[in-house]
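Each remark here refers to the structure printed beneath this line.
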Amino acid sequence: MMSQAIRFHFKTGEFGFLSNFAHYPITIDGMEWPTSEHYYQASKFINDPAGMEAIRTVIRHHYDAWRMGHSPEHVHRQDLDEVKDDVMLRALRAKFAQNAVVRSALLATDEAILVEHSPKDNYWGDGGDGSGRNRLGQLLMQVRLELQQIESV
């Protein structure tokens, strides 16, 4: 039997909690981040503490962290391609471990295939037509499986 697919993109709607832009604060290494997107974008500038802090504290609009993370004003870390999945996974683990409401909601997706349905992102999303890698959806399913295993103990 084929599993149901849940497509999400925006932070609104029934599955908006899956979006990195959804406002569920996380704490990593003693620092609070407004969203997992803030943490991910700031991690691109690990050698620029001021840049990281600027992203961590921006709260005007939920896409500001994303915009700042793509700014040419700052130099991205050299190993970004090698570490970006691990950074995202760390953010997702924190989000769902530290926020009971979204943890329950993620677990309630059961065995559904999670798809970040983004027409502009072929890496984290499905590219809008299924041709993308959907790494965010895959990492969310990994976190869900980890949580299911913890819950079953």
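How things are named: the first chain in the structure tokens is A, the next is B, and so on; residues count from 1 in each chain; ligands count from 1 in the order shown.
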Determine, for each residue of region 27-104 of chain A having at least one atom at most 9 Å from an atom of region 142-147 of chain A, the closest pair of atoms and their separation in Å to one decimal, counting only C-alpha atoms; order by chain and ascending number, as a Markdown table.
```
| residue | atom | partner | partner_atom | distance |
| --- | --- | --- | --- | --- |
| A:Leu89 | CA | A:Val143 | CA | 7.8 |
| A:Leu92 | CA | A:Val143 | CA | 7.2 |
| A:Arg93 | CA | A:Val143 | CA | 6.2 |
| A:Phe96 | CA | A:Val143 | CA | 8.0 |
| A:Ala97 | CA | A:Leu147 | CA | 8.4 |
| A:Arg103 | CA | A:Leu147 | CA | 8.1 |
```
Counting only C-alpha atoms, which residues of region 49-145 of chain A sit at most 6 Å from some atom of region 27-45 of chain A, and what is each one's closest atom pair with its distance in Å to one decimal, listed by chain and rising residue number, as a Markdown table?
```
| residue | atom | partner | partner_atom | distance |
| --- | --- | --- | --- | --- |
| A:Met52 | CA | A:Ala42 | CA | 4.6 |
| A:Ile55 | CA | A:Ala42 | CA | 5.7 |
| A:Arg56 | CA | A:His38 | CA | 5.7 |
| A:Ala65 | CA | A:His38 | CA | 5.3 |
| A:Gly69 | CA | A:Gln41 | CA | 4.7 |
| A:His76 | CA | A:Lys44 | CA | 5.2 |
| A:Arg77 | CA | A:Lys44 | CA | 5.6 |
| A:Ala91 | CA | A:Ser36 | CA | 5.4 |
```
Please produce an output containing N, CA and C atoms for each residue in the selection, written as a PDB file, in the first residue's frame.
```pdb
ATOM      1  N   MET A  52      25.692  36.218  12.465  1.00  0.00           N
ATOM      2  CA  MET A  52      24.831  35.208  13.089  1.00  0.00           C
ATOM      3  C   MET A  52      23.846  35.853  14.050  1.00  0.00           C
ATOM      4  N   ILE A  55      21.012  37.723  12.329  1.00  0.00           N
ATOM      5  CA  ILE A  55      19.962  36.813  11.852  1.00  0.00           C
ATOM      6  C   ILE A  55      19.155  36.274  13.028  1.00  0.00           C
ATOM      7  N   ARG A  56      19.829  35.906  14.110  1.00  0.00           N
ATOM      8  CA  ARG A  56      19.127  35.330  15.269  1.00  0.00           C
ATOM      9  C   ARG A  56      18.086  36.295  15.826  1.00  0.00           C
ATOM     10  N   ALA A  65      15.064  36.349   7.977  1.00  0.00           N
ATOM     11  CA  ALA A  65      16.195  35.457   8.259  1.00  0.00           C
ATOM     12  C   ALA A  65      16.661  34.785   6.967  1.00  0.00           C
ATOM     13  N   GLY A  69      20.267  35.339   5.165  1.00  0.00           N
ATOM     14  CA  GLY A  69      21.104  34.172   4.919  1.00  0.00           C
ATOM     15  C   GLY A  69      21.566  34.051   3.478  1.00  0.00           C
ATOM     16  N   HIS A  76      29.695  33.042   3.131  1.00  0.00           N
ATOM     17  CA  HIS A  76      29.217  31.759   3.644  1.00  0.00           C
ATOM     18  C   HIS A  76      30.396  30.886   4.048  1.00  0.00           C
ATOM     19  N   ARG A  77      30.146  30.033   4.994  1.00  0.00           N
ATOM     20  CA  ARG A  77      31.170  29.087   5.412  1.00  0.00           C
ATOM     21  C   ARG A  77      31.569  28.216   4.222  1.00  0.00           C
ATOM     22  N   ALA A  91      18.523  21.419  13.738  1.00  0.00           N
ATOM     23  CA  ALA A  91      17.441  22.379  13.974  1.00  0.00           C
ATOM     24  C   ALA A  91      16.098  21.663  14.102  1.00  0.00           C
TER      25      ALA A  91
END
```
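All residues of protein, DNA or RNA that reach within 8 Å of region 120-136 of chain A, judged by only C-alpha atoms and not counting those fewer than 5 positions away in the chain, are Asp85, Met88 and Val115 of chain A.
Secondary structure by DSSP on the backbone puts the following residues of region 10-81 of chain A in strand (DSSP E or B): Ile26, Thr27, Ile28, Met31, Glu32 and Trp33 of chain A.
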Discussion item. From the options A:Lys11, A:His23, A:Lys95, A:His117, which residue's atoms come nearest to Ile59 (chain A), counting only C-alpha atoms?
Written reply: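 For Ile59 (chain A), the nearest of the candidates is A:His23.
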Fill in: Spatial neighbours of Met141 (chain A), 8 Å, only C-alpha atoms, chain gap at least 4 places, as a PyMOL selection string
chain A and resi 113-114+137+145
Restricted to N, CA and C atoms, what would the selected residues look like written as a CSV table (one decimal), in the first residue's frame?
```
chain,number,residue,atom,x,y,z
A,113,ILE,N,4.2,10.4,3.6
A,113,ILE,CA,5.4,11.0,2.9
A,113,ILE,C,5.3,12.5,3.0
A,114,LEU,N,6.3,13.1,3.6
A,114,LEU,CA,6.3,14.5,3.8
A,114,LEU,C,7.1,15.2,2.7
A,137,GLY,N,11.7,17.4,3.5
A,137,GLY,CA,10.7,16.3,3.8
A,137,GLY,C,11.4,15.0,4.3
A,145,LEU,N,10.6,9.4,12.6
A,145,LEU,CA,11.0,8.0,12.9
A,145,LEU,C,11.7,7.9,14.2
```
Discussion item. Just the number, please: distance in Å from CA of Ala94 (chain A) to CA of Gln4 (chain A), one decimal.
Written reply: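 These atoms are spaced 25.7 Å apart.
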